[in-house]
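One structure is given here, and the rest of the page talks about it.
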Amino acid sequence: DVKVTQSSRYLVKRTGEKVFLECVQDMDHENMFWYRQDPGLGLRLIYFSYDVKMKEKGDIPEGYSVSREKKERFSLILESASTNQTSMYLCASTGTVNTEAFFGQGTRLTVV
Amino acid sequence: GENVEQHPSTLSVQEGDSAVIKCTYSDSASNYFPWYKQELGKGPQLIIDIRSNVGEKKDQRIAVTLNKTAKHFSLHITETQPEDSAVYFCAASNGFSGGYNKLIFGAGTRLAVHP
């Protein structure tokens, strides 16, 4: 069974903390994505990566960075967490272009 | 950049009725249009997709239509059942062979099917 695994289901962090969200996939996929899901706004793309050490900005990259040191792992970093980053974060991966995206179960992050 | 608009935001139907969700996209280079279903507490899962060289695709009770001229695509669910209740997302991508694709999603439609 194919899997995208996010390290935490729920996370509570304080304003100003550095936060790491981890995502691992076991499908040998080239492409990995981080989305943020908010009510009424759908899934908004933060960053994506199409190869190890390669990254591209999505539509809302401000306040975030990413790291992809190994093919199977894609990390989202909140350099200094703020309350407006309270959200559901979803990681996804795809193999070749224009094929099914597999999603993790999501991390609900609350910044207090 | 690509923008995908999705309507309606909520949809309530009686069991057995049909449901239609519509999306429009802005980038004429988009060539791949998947639909995802998200159940409570889970990540989205692909239910059907269509590529730009095809006008319609069916899979049992689900069908998707694409109008490239109008930059418009729709999801049709027939004979709805309570287990169809979920949030549905459309998406568009302009991926090309040898390159990479940026999958952009609509805002979602919350479908409720009442017994």
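Residue numbers start at 1 in each chain; chains themselves are named A, B, ... in the order of the structure tokens; ligands are numbered from 1 in the order shown.
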
Return as a compact mmCIF listing (two decimals) with C-alpha atoms, in the first residue's frame the residues belonging to chain A that are within 6 Å of chain B, counting only C-alpha atoms.
# COMPACT_ATOMS: atom_id res chain seq x y z
CA GLY A 40 -13.07 28.51 1.88
CA LEU A 41 -9.59 28.80 0.38
CA GLY A 42 -9.01 25.21 -0.65
CA LEU A 43 -5.49 23.84 -0.97
CA VAL A 97 4.18 14.50 -14.69
CA ASN A 98 0.38 14.68 -14.63
CA PHE A 103 -1.54 12.87 0.09
CA GLY A 104 -0.56 12.42 3.69
CA GLN A 105 -3.20 12.57 6.41

Quick one: everything within 12 Å of Ser18 in chain B, counting only C-alpha atoms, minus sequence neighbours fewer than 5 positions away in the same chain. Send it as a short mmCIF file (atom, residue, chain, number, x, y, z; two decimals) with all heavy atoms, in the first residue's frame.
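After the write, around-v1.cif holds the following:
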data_model
loop_
_atom_site.label_atom_id
_atom_site.label_comp_id
_atom_site.auth_asym_id
_atom_site.auth_seq_id
_atom_site.Cartn_x
_atom_site.Cartn_y
_atom_site.Cartn_z
N LEU B 11 -23.10 22.00 -1.46
CA LEU B 11 -24.13 21.38 -2.29
C LEU B 11 -24.84 20.33 -1.46
O LEU B 11 -24.19 19.45 -0.87
CB LEU B 11 -23.48 20.75 -3.52
CG LEU B 11 -24.38 20.10 -4.57
CD1 LEU B 11 -25.40 21.09 -5.11
CD2 LEU B 11 -23.52 19.55 -5.71
N SER B 12 -26.16 20.43 -1.40
CA SER B 12 -26.95 19.49 -0.62
C SER B 12 -27.95 18.81 -1.56
O SER B 12 -28.68 19.50 -2.27
CB SER B 12 -27.68 20.24 0.49
OG SER B 12 -28.41 19.35 1.30
N VAL B 13 -27.94 17.46 -1.59
CA VAL B 13 -28.85 16.73 -2.49
C VAL B 13 -29.49 15.58 -1.72
O VAL B 13 -28.99 15.15 -0.67
CB VAL B 13 -28.11 16.17 -3.72
CG1 VAL B 13 -27.49 17.30 -4.54
CG2 VAL B 13 -27.05 15.15 -3.33
N ARG B 61 -20.40 5.71 -11.49
CA ARG B 61 -21.36 6.80 -11.26
C ARG B 61 -20.73 8.19 -11.41
O ARG B 61 -21.40 9.20 -11.23
CB ARG B 61 -21.93 6.67 -9.85
CG ARG B 61 -22.75 5.41 -9.61
CD ARG B 61 -23.43 5.44 -8.25
NE ARG B 61 -22.46 5.43 -7.15
CZ ARG B 61 -22.20 6.48 -6.38
NH1 ARG B 61 -22.83 7.63 -6.56
NH2 ARG B 61 -21.31 6.39 -5.40
N ILE B 62 -19.46 8.23 -11.73
CA ILE B 62 -18.74 9.50 -11.81
C ILE B 62 -18.34 9.79 -13.24
O ILE B 62 -17.89 8.88 -13.95
CB ILE B 62 -17.50 9.45 -10.91
CG1 ILE B 62 -17.91 9.38 -9.43
CG2 ILE B 62 -16.60 10.66 -11.13
CD1 ILE B 62 -16.76 9.13 -8.50
N ALA B 63 -18.50 11.04 -13.66
CA ALA B 63 -18.06 11.45 -14.99
C ALA B 63 -17.46 12.85 -14.89
O ALA B 63 -17.82 13.64 -14.01
CB ALA B 63 -19.22 11.45 -15.97
N LEU B 75 -17.55 17.97 -12.73
CA LEU B 75 -17.70 16.64 -12.16
C LEU B 75 -19.19 16.34 -12.02
O LEU B 75 -19.94 17.16 -11.50
CB LEU B 75 -17.03 16.57 -10.79
CG LEU B 75 -17.14 15.24 -10.04
CD1 LEU B 75 -16.27 14.18 -10.70
CD2 LEU B 75 -16.75 15.42 -8.58
N HIS B 76 -19.58 15.16 -12.49
CA HIS B 76 -20.98 14.74 -12.40
C HIS B 76 -21.03 13.44 -11.59
O HIS B 76 -20.35 12.47 -11.94
CB HIS B 76 -21.56 14.49 -13.79
CG HIS B 76 -21.45 15.65 -14.72
ND1 HIS B 76 -22.52 16.42 -15.10
CD2 HIS B 76 -20.37 16.18 -15.35
CE1 HIS B 76 -22.11 17.38 -15.92
NE2 HIS B 76 -20.81 17.26 -16.08
N ILE B 77 -21.84 13.44 -10.55
CA ILE B 77 -22.06 12.22 -9.77
C ILE B 77 -23.53 11.85 -9.89
O ILE B 77 -24.41 12.66 -9.56
CB ILE B 77 -21.70 12.41 -8.28
CG1 ILE B 77 -20.27 12.95 -8.13
CG2 ILE B 77 -21.85 11.08 -7.53
CD1 ILE B 77 -19.90 13.30 -6.70
N THR B 78 -23.81 10.67 -10.40
CA THR B 78 -25.20 10.22 -10.53
C THR B 78 -25.55 9.25 -9.41
O THR B 78 -24.66 8.68 -8.76
CB THR B 78 -25.42 9.52 -11.89
OG1 THR B 78 -24.52 8.41 -11.97
CG2 THR B 78 -25.15 10.47 -13.05
N GLU B 79 -26.86 9.11 -9.16
CA GLU B 79 -27.37 8.19 -8.14
C GLU B 79 -26.58 8.34 -6.83
O GLU B 79 -26.04 7.37 -6.29
CB GLU B 79 -27.29 6.75 -8.64
CG GLU B 79 -28.11 6.52 -9.90
CD GLU B 79 -27.84 5.16 -10.52
OE1 GLU B 79 -27.50 4.21 -9.78
OE2 GLU B 79 -27.94 5.04 -11.76
N THR B 80 -26.55 9.55 -6.33
CA THR B 80 -25.73 9.82 -5.14
C THR B 80 -26.14 8.96 -3.95
O THR B 80 -27.31 8.60 -3.78
CB THR B 80 -25.82 11.30 -4.74
OG1 THR B 80 -27.20 11.67 -4.60
CG2 THR B 80 -25.14 12.18 -5.77
N GLN B 81 -25.13 8.65 -3.13
CA GLN B 81 -25.32 7.84 -1.93
C GLN B 81 -24.75 8.59 -0.73
O GLN B 81 -23.88 9.45 -0.91
CB GLN B 81 -24.62 6.49 -2.11
CG GLN B 81 -25.13 5.71 -3.30
CD GLN B 81 -24.24 4.55 -3.70
OE1 GLN B 81 -23.23 4.28 -3.06
NE2 GLN B 81 -24.62 3.87 -4.77
N ASP B 84 -21.12 9.35 -0.51
CA ASP B 84 -20.54 10.36 -1.40
C ASP B 84 -20.34 11.69 -0.66
O ASP B 84 -19.68 12.59 -1.18
CB ASP B 84 -21.43 10.61 -2.62
CG ASP B 84 -21.52 9.40 -3.54
OD1 ASP B 84 -20.54 8.62 -3.60
OD2 ASP B 84 -22.58 9.21 -4.19
N LEU B 111 -20.09 18.50 -0.30
CA LEU B 111 -21.31 17.82 -0.76
C LEU B 111 -21.93 17.04 0.40
O LEU B 111 -21.25 16.27 1.07
CB LEU B 111 -20.97 16.85 -1.90
CG LEU B 111 -22.10 15.94 -2.37
CD1 LEU B 111 -23.23 16.75 -3.00
CD2 LEU B 111 -21.58 14.91 -3.38
N ALA B 112 -23.21 17.28 0.62
CA ALA B 112 -23.97 16.52 1.63
C ALA B 112 -25.08 15.76 0.92
O ALA B 112 -25.89 16.38 0.20
CB ALA B 112 -24.54 17.45 2.69
N VAL B 113 -25.12 14.45 1.10
CA VAL B 113 -26.16 13.61 0.51
C VAL B 113 -27.05 13.12 1.63
O VAL B 113 -26.60 12.40 2.53
CB VAL B 113 -25.56 12.41 -0.26
CG1 VAL B 113 -26.68 11.56 -0.87
CG2 VAL B 113 -24.59 12.89 -1.32
#

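When the distance limit is 7 Å and only C-alpha atoms are what count, the residues near range 9-25 of chain A, minus those fewer than 3 positions from it on the same chain, are Lys3, Val4, Thr5, Gln6, Glu72, Arg73, Phe74, Ser75, Leu76, Ile77, Leu78, Glu79, Ser80, Ala81, Ser82, Thr83, Cys91, Gly106, Thr107, Arg108, Leu109, Thr110, Val111 and Val112 of chain A.
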
7 Å contact set for His7 in chain B, only C-alpha atoms, chain neighbours under 5 positions out, as a PDB file with C-alpha atoms, in the first residue's frame:
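Full text of around.pdb as output:
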ATOM      1  CA  ILE B  21     -19.602  20.647  -9.492  1.00  0.00           C
ATOM      2  CA  LYS B  22     -18.056  23.142 -11.901  1.00  0.00           C
ATOM      3  CA  CYS B  23     -14.558  24.565 -12.243  1.00  0.00           C
ATOM      4  CA  THR B 109     -17.194  21.905  -2.612  1.00  0.00           C
TER       5      THR B 109
END

Subject >> Residues flagged strand (DSSP E) by DSSP in chain B, as a ChimeraX atom specification >> reply: /B:4-7,10-14,19-25,32-38,45-51,56-59,62-67,72-77,86-92,104-105,109-114
